file run_33.tsv (TSV, C-alpha atoms and all ligand atoms)
chain	number	residue	atom	x	y	z
A	26	MET	CA	65.98	94.01	60.42
A	27	GLY	CA	67.31	94.84	63.88
A	28	LYS	CA	70.47	93.93	65.71
A	29	VAL	CA	70.95	91.74	68.78
A	30	ILE	CA	74.22	92.45	70.54
A	31	PHE	CA	75.39	89.98	73.17
A	32	VAL	CA	77.85	91.36	75.72
A	33	ASN	CA	79.50	88.38	77.40
A	34	GLY	CA	82.43	87.53	79.65
A	35	THR	CA	83.36	86.08	83.04
A	36	ALA	CA	82.06	87.50	86.32
A	37	ARG	CA	83.47	90.98	87.04
A	38	CYS	CA	84.54	91.58	83.48
A	39	GLY	CA	82.54	94.83	83.14
A	40	SER	CA	79.65	93.44	81.09
A	41	THR	CA	76.89	95.26	83.01
A	42	MET	CA	78.52	98.62	82.44
A	43	VAL	CA	79.32	97.98	78.77
A	44	ASP	CA	75.76	96.72	78.20
A	45	LEU	CA	74.38	99.98	79.62
A	46	ILE	CA	76.83	102.11	77.63
A	47	MET	CA	75.97	100.32	74.39
A	48	GLY	CA	72.26	100.71	75.15
A	49	ASN	CA	72.68	104.44	75.78
A	50	ASP	CA	71.16	105.38	72.45
A	51	PRO	CA	67.60	106.44	71.51
A	52	GLY	CA	67.30	103.35	69.31
A	53	GLY	CA	68.90	100.94	71.78
A	54	PHE	CA	67.61	98.86	74.69
A	55	SER	CA	69.76	97.32	77.43
A	56	LEU	CA	68.20	94.08	78.60
A	57	GLY	CA	70.82	93.23	81.22
A	58	GLU	CA	70.99	89.58	82.30
A	59	VAL	CA	67.58	88.78	80.88
A	60	CYS	CA	68.24	85.03	80.79
A	61	SER	CA	67.93	85.01	84.58
A	62	TRP	CA	64.29	86.02	84.22
A	63	TYR	CA	63.52	83.22	81.76
A	64	ARG	CA	65.85	80.67	83.29
A	65	PRO	CA	66.11	81.58	87.00
A	66	THR	CA	68.82	79.93	89.09
A	67	ARG	CA	68.89	82.17	92.18
A	68	THR	CA	66.21	83.34	94.55
A	69	HIS	CA	66.26	86.98	93.44
A	70	HIS	CA	65.68	85.98	89.80
A	71	PHE	CA	62.00	85.33	90.47
A	72	ASP	CA	61.08	89.00	90.81
A	73	ILE	CA	61.98	91.87	88.50
A	74	LYS	CA	63.61	94.88	90.15
A	75	CYS	CA	64.09	96.94	87.03
A	76	GLY	CA	66.97	99.37	86.50
A	77	CYS	CA	64.44	102.17	85.86
A	78	GLY	CA	63.71	102.24	89.60
A	79	VAL	CA	59.92	101.82	89.28
A	80	TYR	CA	58.48	98.79	91.03
A	81	PRO	CA	56.72	97.06	89.44
A	82	CYS	CA	58.10	98.33	86.14
A	83	PRO	CA	55.30	98.95	83.59
A	84	MET	CA	57.59	97.98	80.70
A	85	TRP	CA	58.35	94.58	82.20
A	86	GLN	CA	54.75	94.19	83.35
A	87	ARG	CA	53.90	94.13	79.66
A	88	LEU	CA	56.95	92.13	78.58
A	89	ARG	CA	56.86	89.48	81.28
A	90	GLU	CA	54.30	87.44	79.37
A	91	THR	CA	56.52	87.45	76.27
A	92	SER	CA	58.38	84.18	75.76
A	93	GLU	CA	62.14	84.07	75.36
A	94	ARG	CA	61.53	83.04	71.76
A	95	ASP	CA	59.58	86.23	71.02
A	96	LEU	CA	61.41	88.76	73.17
A	97	TYR	CA	63.80	90.25	70.60
A	98	ASP	CA	61.06	90.32	67.93
A	99	GLU	CA	58.73	92.08	70.33
A	100	LEU	CA	61.30	94.77	71.12
A	101	LEU	CA	62.79	95.21	67.66
A	102	GLY	CA	59.64	94.75	65.64
A	103	GLN	CA	56.99	96.48	67.67
A	104	ARG	CA	58.82	99.08	69.69
A	105	ASP	CA	60.70	100.72	66.91
A	106	LEU	CA	64.15	99.95	68.27
A	107	ASP	CA	67.27	99.50	66.13
A	108	PHE	CA	69.09	97.18	68.48
A	109	VAL	CA	68.93	95.39	71.82
A	110	VAL	CA	71.86	94.56	74.09
A	111	ASP	CA	71.79	91.33	76.09
A	112	SER	CA	74.46	90.79	78.76
A	113	SER	CA	73.11	87.45	80.02
A	114	LYS	CA	76.60	85.92	79.60
A	115	ARG	CA	75.41	82.39	80.43
A	116	LEU	CA	76.74	80.30	77.53
A	117	THR	CA	73.72	77.99	77.32
A	118	TRP	CA	71.56	81.06	76.69
A	119	VAL	CA	74.02	82.66	74.26
A	120	ILE	CA	74.26	79.41	72.28
A	121	ASP	CA	70.46	78.90	72.14
A	122	GLN	CA	69.73	82.49	71.11
A	123	ASN	CA	72.53	82.52	68.51
A	124	LEU	CA	71.26	79.30	66.95
A	125	ARG	CA	67.66	80.50	66.85
A	126	LEU	CA	68.46	84.00	65.58
A	127	HIS	CA	70.74	82.69	62.84
A	128	ALA	CA	68.12	80.11	61.79
A	129	GLN	CA	65.38	82.77	61.62
A	130	GLY	CA	67.60	85.28	59.84
A	131	ARG	CA	65.42	88.20	60.93
A	132	HIS	CA	68.06	90.10	62.91
A	133	GLU	CA	71.81	90.59	62.78
A	134	VAL	CA	73.68	88.98	65.66
A	135	TYR	CA	76.87	90.24	67.28
A	136	ASN	CA	78.81	88.60	70.09
A	137	LEU	CA	81.16	90.77	72.08
A	138	PHE	CA	83.28	89.09	74.75
A	139	LEU	CA	84.87	91.29	77.38
A	140	TYR	CA	87.95	90.07	79.19
A	141	LYS	CA	90.54	91.30	81.63
A	142	ALA	CA	94.20	90.41	81.85
A	143	PRO	CA	94.61	87.63	84.49
A	144	ALA	CA	96.41	89.89	86.98
A	145	SER	CA	93.59	92.42	86.69
A	146	LEU	CA	90.85	89.80	87.08
A	147	HIS	CA	92.66	88.18	90.00
A	148	TYR	CA	92.65	91.47	91.91
A	149	SER	CA	88.89	91.19	92.52
A	150	ARG	CA	89.59	87.86	94.27
A	151	TRP	CA	92.66	89.16	96.08
A	152	LYS	CA	90.56	91.94	97.65
A	153	ARG	CA	88.34	89.25	99.10
A	154	GLY	CA	91.29	87.43	100.61
A	155	ILE	CA	91.66	84.74	97.93
A	156	ARG	CA	95.35	84.12	97.21
A	157	SER	CA	95.18	80.97	95.05
A	158	LEU	CA	95.36	81.61	91.32
A	159	SER	CA	93.47	78.48	90.33
A	160	GLY	CA	90.04	80.14	90.39
A	161	THR	CA	91.26	83.04	88.29
A	162	ALA	CA	92.98	80.80	85.73
A	163	GLY	CA	89.92	78.54	85.67
A	164	ALA	CA	87.63	81.48	84.89
A	165	TYR	CA	89.22	81.73	81.43
A	166	GLN	CA	87.78	78.35	80.50
A	167	TYR	CA	84.58	80.32	79.91
A	168	TYR	CA	86.21	81.72	76.75
A	169	ALA	CA	87.61	78.33	75.75
A	170	ARG	CA	84.05	76.98	75.93
A	171	ALA	CA	82.73	79.84	73.80
A	172	VAL	CA	85.34	78.91	71.19
A	173	ALA	CA	84.42	75.22	71.48
A	174	ALA	CA	80.76	76.16	70.91
A	175	GLY	CA	81.75	77.95	67.70
A	176	ILE	CA	80.31	81.28	68.83
A	177	PRO	CA	81.60	83.86	66.36
A	178	PHE	CA	82.91	86.60	68.64
A	179	VAL	CA	85.09	89.63	68.89
A	180	SER	CA	86.91	90.28	72.17
A	181	VAL	CA	87.53	93.56	73.97
A	182	ASN	CA	89.98	94.06	76.80
A	183	TYR	CA	87.93	95.87	79.45
A	184	ASP	CA	90.86	97.73	81.03
A	185	TRP	CA	91.95	99.02	77.62
A	186	LEU	CA	88.36	100.08	76.88
A	187	VAL	CA	88.04	102.06	80.11
A	188	GLU	CA	91.33	103.86	79.45
A	189	ASN	CA	90.49	104.49	75.78
A	190	MET	CA	86.74	104.90	75.98
A	191	ASP	CA	86.17	106.96	72.84
A	192	GLU	CA	88.50	104.88	70.67
A	193	GLY	CA	87.15	101.60	72.05
A	194	LEU	CA	83.49	102.52	71.86
A	195	SER	CA	83.77	103.92	68.36
A	196	ALA	CA	85.52	100.68	67.24
A	197	ILE	CA	82.73	98.57	68.77
A	198	CYS	CA	80.00	100.79	67.27
A	199	ARG	CA	81.69	100.66	63.85
A	200	TRP	CA	81.84	96.88	64.00
A	201	VAL	CA	78.18	96.58	65.02
A	202	GLY	CA	77.06	99.33	62.67
A	203	ILE	CA	75.44	101.68	65.18
A	204	ASP	CA	76.05	105.36	65.89
A	205	PHE	CA	78.89	106.44	68.10
A	206	PHE	CA	78.51	109.89	69.65
A	207	SER	CA	80.41	111.92	72.19
A	208	GLY	CA	79.13	111.17	75.71
A	209	LYS	CA	77.78	107.70	74.84
A	210	GLU	CA	79.56	106.33	77.90
A	211	ARG	CA	77.35	108.47	80.19
A	212	PHE	CA	74.87	105.63	80.53
A	213	TRP	CA	73.38	106.97	83.77
A	214	GLU	CA	71.73	109.84	81.87
A	215	LYS	CA	69.22	107.48	80.22
A	216	THR	CA	66.43	105.51	81.87
A	217	HIS	CA	67.21	101.82	81.31
A	218	HIS	CA	64.83	98.92	81.85
A	219	HIS	CA	67.76	96.74	82.76
A	220	LEU	CA	67.60	93.42	84.61
A	221	PHE	CA	69.97	91.98	87.22
A	222	GLY	CA	73.73	92.37	86.61
A	223	SER	CA	76.42	93.94	88.81
A	224	PHE	CA	75.46	96.21	91.67
A	225	GLY	CA	78.01	98.96	90.94
A	226	PRO	CA	76.59	100.17	87.60
A	227	ARG	CA	73.03	99.48	88.81
A	228	ARG	CA	73.64	101.72	91.80
A	229	GLN	CA	74.91	104.39	89.42
A	230	LEU	CA	71.70	104.18	87.44
A	231	PHE	CA	69.69	105.02	90.54
A	232	ALA	CA	72.11	107.67	91.81
A	233	LYS	CA	72.80	109.10	88.30
A	234	SER	CA	76.43	109.34	89.33
A	235	PRO	CA	79.29	109.51	86.86
A	236	ARG	CA	81.97	106.97	87.73
A	237	ILE	CA	84.00	105.11	85.17
A	238	TYR	CA	87.55	104.38	86.12
A	239	ARG	CA	90.14	101.70	85.97
A	240	GLU	CA	90.72	100.30	89.39
A	241	SER	CA	94.26	100.78	90.69
A	242	PHE	CA	95.92	98.00	92.68
A	243	ALA	CA	96.54	98.27	96.43
A	244	GLU	CA	100.15	98.32	97.65
A	245	ASP	CA	100.26	94.69	98.78
A	246	TYR	CA	98.98	93.56	95.40
A	247	CYS	CA	101.55	95.66	93.53
A	248	ALA	CA	104.26	93.94	95.56
A	249	ALA	CA	102.93	90.49	94.70
A	250	VAL	CA	101.91	91.02	91.09
A	251	ASP	CA	105.24	90.16	89.40
A	252	ASP	CA	105.36	86.77	91.08
A	253	LEU	CA	101.71	86.15	90.21
A	254	GLN	CA	102.39	87.08	86.58
A	255	MET	CA	105.19	84.51	86.40
A	256	GLN	CA	102.93	81.81	87.78
A	257	LEU	CA	100.19	82.73	85.31
A	258	GLU	CA	102.62	82.65	82.39
A	259	ARG	CA	103.51	79.06	83.24
A	260	ASN	CA	99.87	78.00	82.83
A	261	GLU	CA	99.85	76.84	79.22
A	262	ARG	CA	96.09	76.29	79.08
A	263	LEU	CA	95.49	79.86	80.21
A	264	GLN	CA	98.05	81.22	77.77
A	265	ALA	CA	96.33	79.41	74.89
A	266	VAL	CA	93.03	81.12	75.80
A	267	LEU	CA	94.76	84.50	76.03
A	268	ARG	CA	96.31	84.02	72.57
A	269	GLU	CA	92.85	83.28	71.17
A	270	LEU	CA	91.40	86.39	72.84
A	271	ALA	CA	94.25	88.52	71.48
A	272	HIS	CA	93.63	87.10	68.00
A	273	ARG	CA	89.96	88.10	68.19
A	274	ASP	CA	90.58	91.50	69.78
A	275	ILE	CA	88.63	94.41	68.32
A	276	ARG	CA	91.96	96.18	67.76
A	277	ASN	CA	92.91	93.44	65.32
A	278	ARG	CA	91.78	94.40	61.82
A	279	ARG	CA	91.42	90.78	60.75
A	280	ILE	CA	88.17	90.39	62.71
A	281	GLU	CA	85.95	91.11	59.71
A	282	GLY	CA	86.09	87.61	58.23
A	283	PHE	CA	84.74	85.49	61.03
A	284	SER	CA	82.86	87.80	63.34
A	285	ARG	CA	79.42	87.16	61.86
A	286	ALA	CA	79.58	83.63	60.48
A	287	SER	CA	77.20	81.16	62.12
A	288	THR	CA	79.11	78.11	63.29
A	289	VAL	CA	77.41	77.66	66.65
A	290	ARG	CA	76.96	74.17	68.11
A	291	ARG	CA	76.09	72.62	71.47
A	292	PRO	CA	79.14	70.89	73.00
A	293	TRP	CA	78.97	68.51	75.97
A	294	PHE	CA	79.18	71.24	78.59
A	295	TYR	CA	75.96	72.77	77.23
A	296	TYR	CA	73.86	69.76	78.27
A	297	ARG	CA	75.47	69.57	81.69
A	298	GLN	CA	74.80	73.27	82.32
A	299	ARG	CA	71.21	73.03	81.06
A	300	ALA	CA	70.57	70.18	83.50
A	301	GLU	CA	71.99	72.33	86.30
A	302	GLU	CA	69.72	75.22	85.24
A	303	TRP	CA	66.65	72.99	85.39
A	304	LYS	CA	67.62	71.84	88.88
A	305	ARG	CA	68.13	75.45	90.04
A	306	ARG	CA	64.74	76.50	88.73
A	307	PHE	CA	63.20	74.33	91.45
A	308	PHE	CA	66.01	74.61	94.01
A	309	PRO	CA	67.38	78.13	93.48
A	310	GLU	CA	70.55	79.26	95.19
A	311	PRO	CA	70.35	82.16	97.64
A	312	TYR	CA	72.02	85.35	96.45
A	313	LEU	CA	75.41	85.65	98.14
A	314	ASP	CA	77.45	88.11	96.11
A	315	ARG	CA	80.02	89.43	98.56
A	316	GLU	CA	80.59	92.55	96.51
A	317	ALA	CA	76.99	93.60	96.91
A	318	SER	CA	76.89	95.70	100.03
A	319	THR	CA	73.44	94.56	101.11
A	320	ILE	CA	70.54	92.74	99.56
A	321	GLN	CA	68.43	95.83	100.38
A	322	GLU	CA	69.84	97.47	97.27
A	323	TRP	CA	67.25	95.48	95.37
A	324	SER	CA	64.53	97.21	97.36
A	325	ILE	CA	63.81	100.35	95.42
A	401	ZN	ZN	61.76	99.50	84.08
call {"tool": "encode", "arguments": {"input": "run_33.tsv", "output": "structure tokens"}}
result
Amino acid sequence: MGKVIFVNGTARCGSTMVDLIMGNDPGGFSLGEVCSWYRPTRTHHFDIKCGCGVYPCPMWQRLRETSERDLYDELLGQRDLDFVVDSSKRLTWVIDQNLRLHAQGRHEVYNLFLYKAPASLHYSRWKRGIRSLSGTAGAYQYYARAVAAGIPFVSVNYDWLVENMDEGLSAICRWVGIDFFSGKERFWEKTHHHLFGSFGPRRQLFAKSPRIYRESFAEDYCAAVDDLQMQLERNERLQAVLRELAHRDIRNRRIEGFSRASTVRRPWFYYRQRAEEWKRRFFPEPYLDREASTIQEWSI
């Protein structure tokens, strides 16, 4: 029996990096955002530019004929791996895979949800000139939906993890039941066959450069942050989500009881998002991530 570890969260929550760190183990495999290969929604999803830097990647040349139904079995059963890490994040995918894996009962399933404090998450928008808080507050509905779908998950505050890497990683590894070792966070020292995900950690994979830090706020943001905090605290819907995330935090010892129970269901939003995915398969969106310096980074 192997383990399937889902690393989820909103955009810019650190999931690509944590996926690669978790997969930095001889018995581990970081899949990245593998759902985008099986369920493409953007133009760059139709071709695999693997994190190993070889194009075309021989590993994915062999795997690309494997169906999404057989992927984890193929890796865990036939390639002698102990666990795979999947940072697809898309809830429709996470729900479908959880339901199937629990029904089959062949592998253990773990759902880890990364989150940032609202002021920290908002900074990535602030840097791009976005001053309204509505998009930031709205991003937390992702977690509310995960709760509504009954996904049994444990949450990890990304900023806390980066500042307490050894403590945080050992807690996650203990929960999942995999080895923690000194230097596990040095993900760039392993060759990963990792798909899609954020450019920053992907660039590190190619450059083999060590760089894990908590971003510090610029002066203008520091001046504004108290006022922003007050506005965020008045948003009751957001505060309810944050209370739920705090309750499920890996630092909370009461996680043991519910973290592995299967209670997953498909709420209304699932069907709406699946319909959107089907539309995007035939009418994919162009890739327009403003944080990616150039699209050429995908050319290896
Ligand atoms: Zn590869």
call {"tool": "residues_around", "arguments": {"input": "run_33.tsv", "residues": "segment 36-38 of chain A", "least_positions_apart": "4", "cutoff": "7 Å", "atoms": "only C-alpha atoms", "output": "ChimeraX atom specification"}}
result
/A:139-141,183
call {"tool": "residues_near_ligand", "arguments": {"input": "run_33.tsv", "ligand": "ligand ZN 401 (chain A)", "cutoff": "9 Å", "atoms": "all atoms listed in the file", "output": "PyMOL selection string"}}
result
chain A and resi 73-86+216-220
call {"tool": "closest_residue", "arguments": {"input": "run_33.tsv", "among": "A:Val172, A:Met190, A:Val250, A:Phe307", "to": "Leu267 of chain A", "atoms": "all atoms listed in the file"}}
result
A:Val172
call {"tool": "residues_around", "arguments": {"input": "run_33.tsv", "residues": "segment 106-111 of chain A", "least_positions_apart": "3", "cutoff": "9 Å", "atoms": "all atoms listed in the file", "output": "CSV table (one decimal) with C-alpha atoms, in the frame of the given file"}}
result
chain,number,residue,atom,x,y,z
A,26,MET,CA,66.0,94.0,60.4
A,27,GLY,CA,67.3,94.8,63.9
A,28,LYS,CA,70.5,93.9,65.7
A,29,VAL,CA,71.0,91.7,68.8
A,30,ILE,CA,74.2,92.4,70.5
A,31,PHE,CA,75.4,90.0,73.2
A,32,VAL,CA,77.8,91.4,75.7
A,33,ASN,CA,79.5,88.4,77.4
A,44,ASP,CA,75.8,96.7,78.2
A,45,LEU,CA,74.4,100.0,79.6
A,47,MET,CA,76.0,100.3,74.4
A,48,GLY,CA,72.3,100.7,75.2
A,51,PRO,CA,67.6,106.4,71.5
A,52,GLY,CA,67.3,103.4,69.3
A,53,GLY,CA,68.9,100.9,71.8
A,54,PHE,CA,67.6,98.9,74.7
A,55,SER,CA,69.8,97.3,77.4
A,56,LEU,CA,68.2,94.1,78.6
A,57,GLY,CA,70.8,93.2,81.2
A,58,GLU,CA,71.0,89.6,82.3
A,59,VAL,CA,67.6,88.8,80.9
A,60,CYS,CA,68.2,85.0,80.8
A,97,TYR,CA,63.8,90.2,70.6
A,100,LEU,CA,61.3,94.8,71.1
A,101,LEU,CA,62.8,95.2,67.7
A,102,GLY,CA,59.6,94.8,65.6
A,103,GLN,CA,57.0,96.5,67.7
A,114,LYS,CA,76.6,85.9,79.6
A,203,ILE,CA,75.4,101.7,65.2
call {"tool": "atom_distance", "arguments": {"input": "run_33.tsv", "atom1": "atom CA of Gly154 of chain A", "atom2": "atom CA of Gln254 of chain A"}}
result
17.9 Å
call {"tool": "atom_distance", "arguments": {"input": "run_33.tsv", "atom1": "atom CA of Glu99 of chain A", "atom2": "atom CA of Lys209 of chain A"}}
result
25.0 Å
call {"tool": "atom_distance", "arguments": {"input": "run_33.tsv", "atom1": "atom CA of Arg259 of chain A", "atom2": "atom CA of Asn277 of chain A"}}
result
25.3 Å
call {"tool": "closest_residue", "arguments": {"input": "run_33.tsv", "among": "A:Arg297, A:His69, A:Arg150, A:His132", "to": "Ala164 of chain A", "atoms": "all atoms listed in the file"}}
result
A:Arg150
call {"tool": "closest_residue", "arguments": {"input": "run_33.tsv", "among": "A:Val201, A:Leu137, A:Ala300, A:Leu126", "to": "Ser113 of chain A", "atoms": "all atoms listed in the file"}}
result
A:Leu137
call {"tool": "residues_near_point", "arguments": {"input": "run_33.tsv", "point": "(84.9, 75.8, 73.0)", "cutoff": "12 Å", "atoms": "all atoms listed in the file", "output": "PDB file with C-alpha atoms, keeping the file's coordinate frame"}}
result
ATOM      1  CA  LEU A 116      76.740  80.300  77.530  1.00  0.00           C
ATOM      2  CA  ILE A 120      74.260  79.410  72.280  1.00  0.00           C
ATOM      3  CA  TYR A 165      89.220  81.730  81.430  1.00  0.00           C
ATOM      4  CA  GLN A 166      87.780  78.350  80.500  1.00  0.00           C
ATOM      5  CA  TYR A 167      84.580  80.320  79.910  1.00  0.00           C
ATOM      6  CA  TYR A 168      86.210  81.720  76.750  1.00  0.00           C
ATOM      7  CA  ALA A 169      87.610  78.330  75.750  1.00  0.00           C
ATOM      8  CA  ARG A 170      84.050  76.980  75.930  1.00  0.00           C
ATOM      9  CA  ALA A 171      82.730  79.840  73.800  1.00  0.00           C
ATOM     10  CA  VAL A 172      85.340  78.910  71.190  1.00  0.00           C
ATOM     11  CA  ALA A 173      84.420  75.220  71.480  1.00  0.00           C
ATOM     12  CA  ALA A 174      80.760  76.160  70.910  1.00  0.00           C
ATOM     13  CA  GLY A 175      81.750  77.950  67.700  1.00  0.00           C
ATOM     14  CA  ILE A 176      80.310  81.280  68.830  1.00  0.00           C
ATOM     15  CA  PRO A 177      81.600  83.860  66.360  1.00  0.00           C
ATOM     16  CA  PHE A 178      82.910  86.600  68.640  1.00  0.00           C
ATOM     17  CA  VAL A 266      93.030  81.120  75.800  1.00  0.00           C
ATOM     18  CA  GLU A 269      92.850  83.280  71.170  1.00  0.00           C
ATOM     19  CA  THR A 288      79.110  78.110  63.290  1.00  0.00           C
ATOM     20  CA  VAL A 289      77.410  77.660  66.650  1.00  0.00           C
ATOM     21  CA  ARG A 290      76.960  74.170  68.110  1.00  0.00           C
ATOM     22  CA  ARG A 291      76.090  72.620  71.470  1.00  0.00           C
ATOM     23  CA  PRO A 292      79.140  70.890  73.000  1.00  0.00           C
ATOM     24  CA  TRP A 293      78.970  68.510  75.970  1.00  0.00           C
ATOM     25  CA  PHE A 294      79.180  71.240  78.590  1.00  0.00           C
ATOM     26  CA  TYR A 295      75.960  72.770  77.230  1.00  0.00           C
TER      27      TYR A 295
END
